[in-house]
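Engineer: I am sharing protein.cif, which consists of mmCIF, C-alpha atoms:
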```cif
data_run
loop_
_atom_site.group_PDB
_atom_site.id
_atom_site.type_symbol
_atom_site.label_atom_id
_atom_site.label_comp_id
_atom_site.auth_asym_id
_atom_site.auth_seq_id
_atom_site.Cartn_x
_atom_site.Cartn_y
_atom_site.Cartn_z
ATOM 1 C CA MET A 13 -8.012 60.031 -36.048
ATOM 2 C CA ILE A 14 -5.028 58.354 -37.704
ATOM 3 C CA ASP A 15 -4.688 58.780 -41.467
ATOM 4 C CA ARG A 16 -5.775 55.601 -43.324
ATOM 5 C CA ASP A 17 -2.389 55.067 -45.041
ATOM 6 C CA ILE A 18 -0.513 55.553 -41.768
ATOM 7 C CA LYS A 19 -2.877 53.147 -40.013
ATOM 8 C CA GLN A 20 -2.365 50.479 -42.705
ATOM 9 C CA CYS A 21 1.410 50.796 -42.479
ATOM 10 C CA LEU A 22 1.461 50.736 -38.680
ATOM 11 C CA GLY A 23 -0.862 47.727 -38.855
ATOM 12 C CA GLN A 24 1.921 45.689 -40.441
ATOM 13 C CA MET A 25 3.881 45.758 -37.174
ATOM 14 C CA MET A 26 3.803 42.251 -35.714
ATOM 15 C CA LYS A 27 4.281 42.027 -31.947
ATOM 16 C CA GLY A 28 4.082 39.506 -29.159
ATOM 17 C CA VAL A 29 0.832 39.245 -27.205
ATOM 18 C CA GLU A 30 0.715 39.642 -23.442
ATOM 19 C CA VAL A 31 -1.963 39.895 -20.775
ATOM 20 C CA VAL A 32 -1.416 42.655 -18.227
ATOM 21 C CA ALA A 33 -3.186 42.124 -14.905
ATOM 22 C CA ALA A 34 -3.552 43.954 -11.603
ATOM 23 C CA ARG A 35 -5.214 43.364 -8.255
ATOM 24 C CA HIS A 36 -6.161 45.878 -5.561
ATOM 25 C CA ASP A 37 -8.600 45.695 -2.613
ATOM 26 C CA GLY A 38 -9.790 42.270 -3.763
ATOM 27 C CA ILE A 39 -10.625 43.405 -7.308
ATOM 28 C CA THR A 40 -8.829 41.806 -10.268
ATOM 29 C CA ARG A 41 -8.767 43.066 -13.836
ATOM 30 C CA ALA A 42 -6.687 42.213 -16.930
ATOM 31 C CA TYR A 43 -6.324 43.249 -20.553
ATOM 32 C CA THR A 44 -4.655 41.867 -23.669
ATOM 33 C CA SER A 45 -1.843 43.954 -25.090
ATOM 34 C CA HIS A 46 0.703 43.810 -27.865
ATOM 35 C CA TRP A 47 2.153 47.081 -26.578
ATOM 36 C CA VAL A 48 4.402 45.755 -23.803
ATOM 37 C CA SER A 49 8.129 46.181 -24.428
ATOM 38 C CA GLN A 50 11.458 45.691 -22.734
ATOM 39 C CA VAL A 51 13.046 49.147 -22.766
ATOM 40 C CA SER A 52 16.489 48.664 -21.216
ATOM 41 C CA PHE A 53 19.444 46.305 -21.542
ATOM 42 C CA ALA A 54 21.162 47.419 -18.342
ATOM 43 C CA GLU A 55 18.110 46.998 -16.121
ATOM 44 C CA PRO A 56 15.013 44.779 -16.344
ATOM 45 C CA ILE A 57 12.542 47.553 -17.195
ATOM 46 C CA VAL A 58 9.378 47.123 -19.243
ATOM 47 C CA MET A 59 6.862 49.597 -20.609
ATOM 48 C CA ALA A 60 3.142 48.874 -20.818
ATOM 49 C CA SER A 61 0.814 51.115 -22.801
ATOM 50 C CA VAL A 62 -2.661 51.254 -21.241
ATOM 51 C CA SER A 63 -5.765 53.341 -21.722
ATOM 52 C CA PRO A 64 -6.634 55.273 -18.567
ATOM 53 C CA ARG A 65 -10.276 54.426 -19.364
ATOM 54 C CA HIS A 66 -9.588 50.690 -18.996
ATOM 55 C CA ASP A 67 -10.653 49.273 -15.639
ATOM 56 C CA THR A 68 -7.226 47.659 -15.155
ATOM 57 C CA TYR A 69 -5.400 51.000 -15.126
ATOM 58 C CA PRO A 70 -6.578 52.384 -11.757
ATOM 59 C CA LEU A 71 -5.823 49.042 -10.115
ATOM 60 C CA MET A 72 -2.280 49.066 -11.551
ATOM 61 C CA ILE A 73 -1.684 52.536 -10.148
ATOM 62 C CA ALA A 74 -3.319 51.867 -6.767
ATOM 63 C CA ALA A 75 -1.393 48.606 -6.308
ATOM 64 C CA GLY A 76 1.859 50.062 -7.671
ATOM 65 C CA GLU A 77 2.438 46.894 -9.648
ATOM 66 C CA PHE A 78 1.120 44.633 -12.387
ATOM 67 C CA SER A 79 1.875 41.283 -13.977
ATOM 68 C CA VAL A 80 2.648 40.440 -17.581
ATOM 69 C CA SER A 81 1.777 36.996 -18.914
ATOM 70 C CA ILE A 82 3.522 36.254 -22.224
ATOM 71 C CA LEU A 83 1.058 34.199 -24.257
ATOM 72 C CA ALA A 84 1.978 31.098 -26.233
ATOM 73 C CA GLY A 85 0.747 30.389 -29.752
ATOM 74 C CA ASP A 86 -1.940 28.051 -28.429
ATOM 75 C CA GLN A 87 -3.509 30.781 -26.246
ATOM 76 C CA VAL A 88 -5.592 32.705 -28.772
ATOM 77 C CA ALA A 89 -8.703 32.091 -26.649
ATOM 78 C CA GLU A 90 -7.091 33.779 -23.656
ATOM 79 C CA GLY A 91 -5.818 36.625 -25.836
ATOM 80 C CA GLN A 92 -9.271 37.154 -27.341
ATOM 81 C CA TYR A 93 -11.034 36.952 -23.972
ATOM 82 C CA PHE A 94 -8.927 39.661 -22.335
ATOM 83 C CA SER A 95 -8.979 41.875 -25.450
ATOM 84 C CA TYR A 96 -12.556 42.919 -24.663
ATOM 85 C CA PRO A 97 -13.782 44.693 -21.551
ATOM 86 C CA GLY A 98 -14.531 42.016 -18.964
ATOM 87 C CA ARG A 99 -18.135 43.152 -18.664
ATOM 88 C CA LYS A 100 -18.777 42.044 -22.278
ATOM 89 C CA PHE A 101 -18.112 38.443 -21.279
ATOM 90 C CA HIS A 102 -19.485 38.958 -17.756
ATOM 91 C CA ARG A 103 -16.043 37.918 -16.477
ATOM 92 C CA ILE A 104 -17.092 34.327 -17.048
ATOM 93 C CA ALA A 105 -13.708 32.691 -17.840
ATOM 94 C CA THR A 106 -12.192 32.856 -14.359
ATOM 95 C CA GLU A 107 -10.198 29.705 -15.125
ATOM 96 C CA TYR A 108 -7.816 31.733 -17.322
ATOM 97 C CA LEU A 109 -6.241 33.494 -14.328
ATOM 98 C CA THR A 110 -4.345 32.056 -11.392
ATOM 99 C CA ASP A 111 -2.477 33.467 -8.409
ATOM 100 C CA TRP A 112 1.210 34.226 -8.550
ATOM 101 C CA PRO A 113 3.020 31.240 -6.972
ATOM 102 C CA ASP A 114 3.204 31.525 -3.167
ATOM 103 C CA ASP A 115 1.799 35.081 -3.127
ATOM 104 C CA PRO A 116 -1.981 35.474 -3.528
ATOM 105 C CA ALA A 117 -1.658 39.241 -2.931
ATOM 106 C CA ALA A 118 0.454 39.612 -6.084
ATOM 107 C CA PRO A 119 -1.109 40.428 -9.445
ATOM 108 C CA PRO A 120 -2.667 37.331 -11.044
ATOM 109 C CA VAL A 121 -1.274 35.660 -14.153
ATOM 110 C CA VAL A 122 -2.648 33.707 -17.115
ATOM 111 C CA VAL A 123 -2.483 29.955 -16.617
ATOM 112 C CA ASN A 124 0.105 28.071 -18.698
ATOM 113 C CA SER A 125 1.658 31.123 -20.374
ATOM 114 C CA ILE A 126 5.225 31.115 -21.687
ATOM 115 C CA ALA A 127 6.415 33.234 -18.767
ATOM 116 C CA TRP A 128 5.151 35.551 -16.036
ATOM 117 C CA LEU A 129 6.677 38.884 -15.072
ATOM 118 C CA ARG A 130 5.894 40.723 -11.846
ATOM 119 C CA CYS A 131 6.456 44.431 -12.389
ATOM 120 C CA ARG A 132 6.750 47.298 -9.891
ATOM 121 C CA ILE A 133 5.785 50.680 -11.338
ATOM 122 C CA ARG A 134 8.526 53.306 -11.404
ATOM 123 C CA GLU A 135 6.916 56.100 -13.462
ATOM 124 C CA GLU A 136 4.234 57.045 -15.967
ATOM 125 C CA MET A 137 4.217 59.168 -19.092
ATOM 126 C CA PRO A 138 0.911 60.515 -20.424
ATOM 127 C CA MET A 139 0.195 60.251 -24.135
ATOM 128 C CA GLN A 140 -2.855 61.528 -26.015
ATOM 129 C CA ASP A 141 -5.078 58.514 -25.335
ATOM 130 C CA HIS A 142 -2.852 56.111 -23.384
ATOM 131 C CA GLN A 143 -0.517 56.111 -20.417
ATOM 132 C CA LEU A 144 2.959 54.627 -20.785
ATOM 133 C CA VAL A 145 3.709 52.825 -17.540
ATOM 134 C CA PHE A 146 7.361 51.992 -16.900
ATOM 135 C CA ALA A 147 8.106 49.262 -14.379
ATOM 136 C CA ASP A 148 10.956 47.227 -12.920
ATOM 137 C CA VAL A 149 10.648 43.470 -13.366
ATOM 138 C CA ILE A 150 11.016 42.248 -9.783
ATOM 139 C CA ALA A 151 10.213 38.539 -10.269
ATOM 140 C CA VAL A 152 9.747 36.063 -13.095
ATOM 141 C CA GLU A 153 8.417 32.540 -13.525
ATOM 142 C CA ALA A 154 9.441 30.547 -16.594
ATOM 143 C CA VAL A 155 6.499 28.304 -17.428
ATOM 144 C CA ARG A 156 6.796 27.115 -21.068
ATOM 145 C CA LEU A 157 9.831 28.892 -22.506
ATOM 146 C CA LYS A 158 10.198 26.481 -25.438
ATOM 147 C CA GLU A 159 6.738 27.265 -26.834
ATOM 148 C CA PRO A 160 6.441 29.692 -29.773
ATOM 149 C CA PRO A 161 4.824 32.978 -28.740
ATOM 150 C CA LEU A 162 1.488 34.314 -29.918
ATOM 151 C CA LEU A 163 1.821 37.323 -32.244
ATOM 152 C CA TYR A 164 -0.625 39.957 -33.441
ATOM 153 C CA SER A 165 -0.933 42.763 -35.963
ATOM 154 C CA SER A 166 -4.063 44.755 -36.730
ATOM 155 C CA ARG A 167 -3.648 43.969 -40.453
ATOM 156 C CA LEU A 168 -2.720 40.270 -40.223
ATOM 157 C CA GLY A 169 -4.502 39.192 -37.037
ATOM 158 C CA TRP A 170 -3.315 36.401 -34.730
ATOM 159 C CA ARG A 171 -0.189 34.446 -35.716
ATOM 160 C CA ILE A 172 2.230 31.984 -34.152
ATOM 161 C CA ALA A 173 5.969 32.645 -34.268
ATOM 162 C CA GLY A 174 7.767 29.811 -35.923
ATOM 163 C CA ASP A 175 10.101 29.561 -38.876
ATOM 164 C CA ARG A 176 13.618 30.884 -38.581
ATOM 165 C CA ALA A 177 14.399 33.913 -40.724
ATOM 166 C CA ARG A 178 17.880 32.703 -41.732
ATOM 167 C CA GLU A 179 19.507 29.454 -42.762
ATOM 168 C CA PRO A 180 20.970 27.376 -39.910
ATOM 169 C CA GLY A 181 24.712 27.892 -39.620
ATOM 170 C CA THR A 182 24.611 31.236 -41.428
ATOM 171 C CA SER A 183 25.822 34.291 -39.534
ATOM 172 C CA ILE A 184 24.750 37.585 -41.064
ATOM 173 C CA ARG A 185 26.858 39.404 -38.466
ATOM 174 C CA ASP A 186 30.014 37.481 -39.418
ATOM 175 C CA ALA A 187 29.438 38.218 -43.117
ATOM 176 C CA LEU A 188 29.041 41.919 -42.388
ATOM 177 C CA LEU A 189 32.174 41.964 -40.203
ATOM 178 C CA GLU A 190 34.085 40.280 -43.024
ATOM 179 C CA ARG A 191 33.009 43.068 -45.384
ATOM 180 C CA VAL A 192 34.193 45.626 -42.820
ATOM 181 C CA ARG A 193 37.591 43.864 -42.524
ATOM 182 C CA ASP A 194 37.889 43.609 -46.323
ATOM 183 C CA ALA A 195 37.291 47.375 -46.508
ATOM 184 C CA GLY A 196 40.281 47.891 -44.178
ATOM 185 C CA TYR A 197 38.436 48.773 -40.970
ATOM 186 C CA ASP A 198 39.132 47.437 -37.484
ATOM 187 C CA THR A 199 36.456 44.988 -36.336
ATOM 188 C CA ASP A 200 37.524 44.845 -32.697
ATOM 189 C CA ASP A 201 34.308 46.004 -31.017
ATOM 190 C CA ARG A 202 35.334 45.446 -27.403
ATOM 191 C CA GLY A 203 33.997 48.275 -25.313
ATOM 192 C CA ALA A 204 31.775 49.587 -28.107
ATOM 193 C CA SER A 205 28.096 50.046 -27.443
ATOM 194 C CA VAL A 206 25.229 49.375 -29.807
ATOM 195 C CA SER A 207 24.804 53.110 -30.384
ATOM 196 C CA ASP A 208 28.462 53.882 -31.216
ATOM 197 C CA ASP A 209 28.852 55.449 -34.670
#
```
Output the file's structure in the form of structure tokens.
Structural biologist:
Amino acid sequence: MIDRDIKQCLGQMMKGVEVVAARHDGITRAYTSHWVSQVSFAEPIVMASVSPRHDTYPLMIAAGEFSVSILAGDQVAEGQYFSYPGRKFHRIATEYLTDWPDDPAAPPVVVNSIAWLRCRIREEMPMQDHQLVFADVIAVEAVRLKEPPLLYSSRLGWRIAGDRAREPGTSIRDALLERVRDAGYDTDDRGASVSDD
């Protein structure tokens, strides 16, 4: 059990909301997650955290792939629906899922999402109560890229991304580089990586 103070602090983390889905032997399952992340710049690799007790997990593994539907701010209903085990709602909202374009054998996706990712599993890492599933993004469909994404935190609930965090025309990076130059350091970062000291 997580300490209450730790849980409250972790609950402040705001993340995008996705629906992860899989299909195998004619069975389809999906779950809502805010624990899907891009984990590489050099390659299109994502990580999905999933409970091995969830009925989607064995289908992901058996199929060797899954889809990720990135939800828009107007898709709270879809996010809420897939956040509970399907049996609770008797899998009644079948209209929320559709087939991947031109490939009905592919994992299904949530209708009208911001974007769809088709992901081929490369490896798993067991954690205490979840599996981390790493996968290559092998296909994408941009559906509504201009829509603000749906966000979630356990402390703040559902939110819609929106306001910019900085003034238009202001470059924090340029201001920091100017400070570096004023301090007498070279600001030529060609060939430097993000992790260079």
Engineer: Mind checking which residues fall within 6 Å of Val32 of chain A, counting only C-alpha atoms, ignoring those fewer than 6 positions away in the same chain, and posting them as a list of chain:residue names?
Structural biologist: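 Near neighbours after the sequence-gap exclusion: A:Ala42, A:Tyr43, A:Ser79, A:Val80.
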Engineer: What gap, in Å, lies between atom CA of Ala54 of chain A and atom CA of Val145 of chain A?
Structural biologist: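 It comes out at 18.3 Å.
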Engineer: Hey, can you check how far atom CA of Gly181 of chain A sits from atom CA of Ala84 of chain A?
Structural biologist: 26.6 Å
Engineer: Between atom CA of Ala177 of chain A and atom CA of Ser95 of chain A, what is the distance, to one decimal in Å?
Structural biologist: 29.0 Å
Engineer: Within 6 Å of segment 65-68 of chain A, counting all atoms listed in the file, which residues qualify if same-chain residues fewer than 2 places away don't, as an NGL selection string?
Structural biologist: :A and (41-42 or 63 or 70-71)
Engineer: So which residues fall inside 12 Å of (-0.7, 32.5, -33.5) if we count only C-alpha atoms? Mind giving them as a PyMOL selection string?
Structural biologist: chain A and resi 26-29+83-92+159-165+168-174
Engineer: Please evaluate the PyMOL selection byres ((chain A and resi 142) around 12) against the displayed coordinates and give the resulting residues as a list in words.
Structural biologist: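 Applying the expression gives Trp47, Ala60, Ser61, Val62, Ser63, Pro64, Arg65, His66, Tyr69, Glu136, Met137, Pro138, Met139, Gln140, Asp141, Gln143, Leu144 and Val145 of chain A.
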Engineer: Let me make sure I understand: among A:Ala117, A:Val51, A:Asp37, A:Arg130, which one has the smallest atom-to-atom distance to Phe78 of chain A if we use only C-alpha atoms?
Structural biologist: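 Ranked by minimum distance to Phe78 of chain A, first place goes to A:Arg130.
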Engineer: Just the residues within 8 Å of Pro120 of chain A, please, counting all atoms listed in the file, with nothing from its chain fewer than 6 positions along; format it as JSON, numbers by chain.
Structural biologist: {"A": [33, 34, 35, 40, 79, 109, 110, 111, 112]}
Engineer: Restricted to C-alpha atoms, what would the selected residues look like written as a PDB file, in the coordinates of the input?
Structural biologist:
```
ATOM      1  CA  ALA A  33      -3.186  42.124 -14.905  1.00  0.00           C
ATOM      2  CA  ALA A  34      -3.552  43.954 -11.603  1.00  0.00           C
ATOM      3  CA  ARG A  35      -5.214  43.364  -8.255  1.00  0.00           C
ATOM      4  CA  THR A  40      -8.829  41.806 -10.268  1.00  0.00           C
ATOM      5  CA  SER A  79       1.875  41.283 -13.977  1.00  0.00           C
ATOM      6  CA  LEU A 109      -6.241  33.494 -14.328  1.00  0.00           C
ATOM      7  CA  THR A 110      -4.345  32.056 -11.392  1.00  0.00           C
ATOM      8  CA  ASP A 111      -2.477  33.467  -8.409  1.00  0.00           C
ATOM      9  CA  TRP A 112       1.210  34.226  -8.550  1.00  0.00           C
TER      10      TRP A 112
END
```
Engineer: Can you pull out every residue within 8 Å of Asp148 of chain A, counting only C-alpha atoms, but drop anything in the same chain fewer than 2 positions away, and send it as a PDB file with C-alpha atoms, keeping the file's coordinate frame?
Structural biologist:
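File produced: around.pdb:
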```
ATOM      1  CA  GLU A  55      18.110  46.998 -16.121  1.00  0.00           C
ATOM      2  CA  PRO A  56      15.013  44.779 -16.344  1.00  0.00           C
ATOM      3  CA  ILE A  57      12.542  47.553 -17.195  1.00  0.00           C
ATOM      4  CA  VAL A  58       9.378  47.123 -19.243  1.00  0.00           C
ATOM      5  CA  CYS A 131       6.456  44.431 -12.389  1.00  0.00           C
ATOM      6  CA  ARG A 132       6.750  47.298  -9.891  1.00  0.00           C
ATOM      7  CA  ILE A 133       5.785  50.680 -11.338  1.00  0.00           C
ATOM      8  CA  ARG A 134       8.526  53.306 -11.404  1.00  0.00           C
ATOM      9  CA  PHE A 146       7.361  51.992 -16.900  1.00  0.00           C
ATOM     10  CA  ILE A 150      11.016  42.248  -9.783  1.00  0.00           C
TER      11      ILE A 150
END
```
Engineer: Identify, on the basis of all atoms listed in the file, every residue whose closest approach to segment 125-127 of chain A does not exceed 7 Å; exclude the query and any residue fewer than 6 positions from it along the same chain; express the result as a list in words.
Structural biologist: Ser81, Ile82, Leu83, Ala84, Glu153, Ala154, Val155, Arg156, Leu157 and Glu159 of chain A
Engineer: Got a sec to write segment 56-85 of chain A of the block to a file, N, CA and C atoms, as a JSON list (two decimals), in the first residue's frame?
Structural biologist:
```json
[["chain", "number", "residue", "atom", "x", "y", "z"],
["A", 56, "PRO", "N", 10.44, 4.98, -32.78],
["A", 56, "PRO", "CA", 9.06, 5.16, -32.28],
["A", 56, "PRO", "C", 8.67, 4.01, -31.36],
["A", 57, "ILE", "N", 9.07, 4.12, -30.09],
["A", 57, "ILE", "CA", 8.77, 3.08, -29.11],
["A", 57, "ILE", "C", 7.90, 3.69, -28.01],
["A", 58, "VAL", "N", 6.86, 2.95, -27.64],
["A", 58, "VAL", "CA", 6.00, 3.37, -26.53],
["A", 58, "VAL", "C", 6.02, 2.30, -25.45],
["A", 59, "MET", "N", 5.62, 2.71, -24.26],
["A", 59, "MET", "CA", 5.50, 1.80, -23.13],
["A", 59, "MET", "C", 4.08, 1.91, -22.60],
["A", 60, "ALA", "N", 3.43, 0.78, -22.42],
["A", 60, "ALA", "CA", 2.10, 0.74, -21.82],
["A", 60, "ALA", "C", 2.19, -0.05, -20.52],
["A", 61, "SER", "N", 1.65, 0.50, -19.45],
["A", 61, "SER", "CA", 1.60, -0.19, -18.17],
["A", 61, "SER", "C", 0.22, -0.83, -18.05],
["A", 62, "VAL", "N", 0.19, -2.14, -17.79],
["A", 62, "VAL", "CA", -1.09, -2.86, -17.76],
["A", 62, "VAL", "C", -1.07, -3.90, -16.65],
["A", 63, "SER", "N", -2.18, -4.04, -15.99],
["A", 63, "SER", "CA", -2.30, -5.08, -14.97],
["A", 63, "SER", "C", -2.45, -6.43, -15.65],
["A", 64, "PRO", "N", -1.68, -7.42, -15.23],
["A", 64, "PRO", "CA", -1.84, -8.75, -15.82],
["A", 64, "PRO", "C", -3.19, -9.38, -15.47],
["A", 65, "ARG", "N", -3.91, -8.80, -14.51],
["A", 65, "ARG", "CA", -5.25, -9.30, -14.18],
["A", 65, "ARG", "C", -6.32, -8.73, -15.11],
["A", 66, "HIS", "N", -5.97, -7.70, -15.88],
["A", 66, "HIS", "CA", -6.96, -7.10, -16.79],
["A", 66, "HIS", "C", -7.16, -8.00, -17.99],
["A", 67, "ASP", "N", -8.39, -8.13, -18.45],
["A", 67, "ASP", "CA", -8.67, -9.07, -19.54],
["A", 67, "ASP", "C", -8.09, -8.63, -20.89],
["A", 68, "THR", "N", -7.59, -7.42, -20.99],
["A", 68, "THR", "CA", -6.92, -6.98, -22.22],
["A", 68, "THR", "C", -5.51, -7.56, -22.32],
["A", 69, "TYR", "N", -4.85, -7.72, -21.18],
["A", 69, "TYR", "CA", -3.45, -8.13, -21.17],
["A", 69, "TYR", "C", -3.18, -9.45, -21.90],
["A", 70, "PRO", "N", -3.88, -10.54, -21.62],
["A", 70, "PRO", "CA", -3.56, -11.78, -22.34],
["A", 70, "PRO", "C", -3.79, -11.67, -23.85],
["A", 71, "LEU", "N", -4.75, -10.85, -24.25],
["A", 71, "LEU", "CA", -4.98, -10.66, -25.68],
["A", 71, "LEU", "C", -3.83, -9.89, -26.33],
["A", 72, "MET", "N", -3.30, -8.88, -25.62],
["A", 72, "MET", "CA", -2.14, -8.14, -26.12],
["A", 72, "MET", "C", -0.98, -9.09, -26.38],
["A", 73, "ILE", "N", -0.71, -9.94, -25.39],
["A", 73, "ILE", "CA", 0.43, -10.85, -25.48],
["A", 73, "ILE", "C", 0.20, -11.90, -26.56],
["A", 74, "ALA", "N", -0.99, -12.48, -26.59],
["A", 74, "ALA", "CA", -1.29, -13.51, -27.60],
["A", 74, "ALA", "C", -1.22, -12.96, -29.02],
["A", 75, "ALA", "N", -1.73, -11.73, -29.20],
["A", 75, "ALA", "CA", -1.73, -11.11, -30.53],
["A", 75, "ALA", "C", -0.36, -10.54, -30.89],
["A", 76, "GLY", "N", 0.44, -10.21, -29.87],
["A", 76, "GLY", "CA", 1.75, -9.60, -30.11],
["A", 76, "GLY", "C", 1.66, -8.14, -30.49],
["A", 77, "GLU", "N", 0.48, -7.56, -30.32],
["A", 77, "GLU", "CA", 0.30, -6.15, -30.67],
["A", 77, "GLU", "C", -0.89, -5.57, -29.93],
["A", 78, "PHE", "N", -0.98, -4.24, -29.97],
["A", 78, "PHE", "CA", -2.11, -3.53, -29.39],
["A", 78, "PHE", "C", -2.23, -2.18, -30.07],
["A", 79, "SER", "N", -3.35, -1.53, -29.87],
["A", 79, "SER", "CA", -3.52, -0.17, -30.40],
["A", 79, "SER", "C", -3.59, 0.81, -29.24],
["A", 80, "VAL", "N", -3.26, 2.06, -29.53],
["A", 80, "VAL", "CA", -3.41, 3.15, -28.58],
["A", 80, "VAL", "C", -4.23, 4.23, -29.27],
["A", 81, "SER", "N", -5.35, 4.58, -28.66],
["A", 81, "SER", "CA", -6.18, 5.68, -29.15],
["A", 81, "SER", "C", -5.98, 6.85, -28.21],
["A", 82, "ILE", "N", -5.46, 7.96, -28.72],
["A", 82, "ILE", "CA", -5.22, 9.16, -27.90],
["A", 82, "ILE", "C", -6.52, 9.95, -27.85],
["A", 83, "LEU", "N", -7.10, 10.07, -26.66],
["A", 83, "LEU", "CA", -8.42, 10.68, -26.53],
["A", 83, "LEU", "C", -8.37, 12.20, -26.55],
["A", 84, "ALA", "N", -9.39, 12.78, -27.15],
["A", 84, "ALA", "CA", -9.56, 14.23, -27.19],
["A", 84, "ALA", "C", -10.33, 14.68, -25.95],
["A", 85, "GLY", "N", -10.30, 15.98, -25.70],
["A", 85, "GLY", "CA", -10.95, 16.54, -24.52],
["A", 85, "GLY", "C", -12.45, 16.31, -24.47]]
```
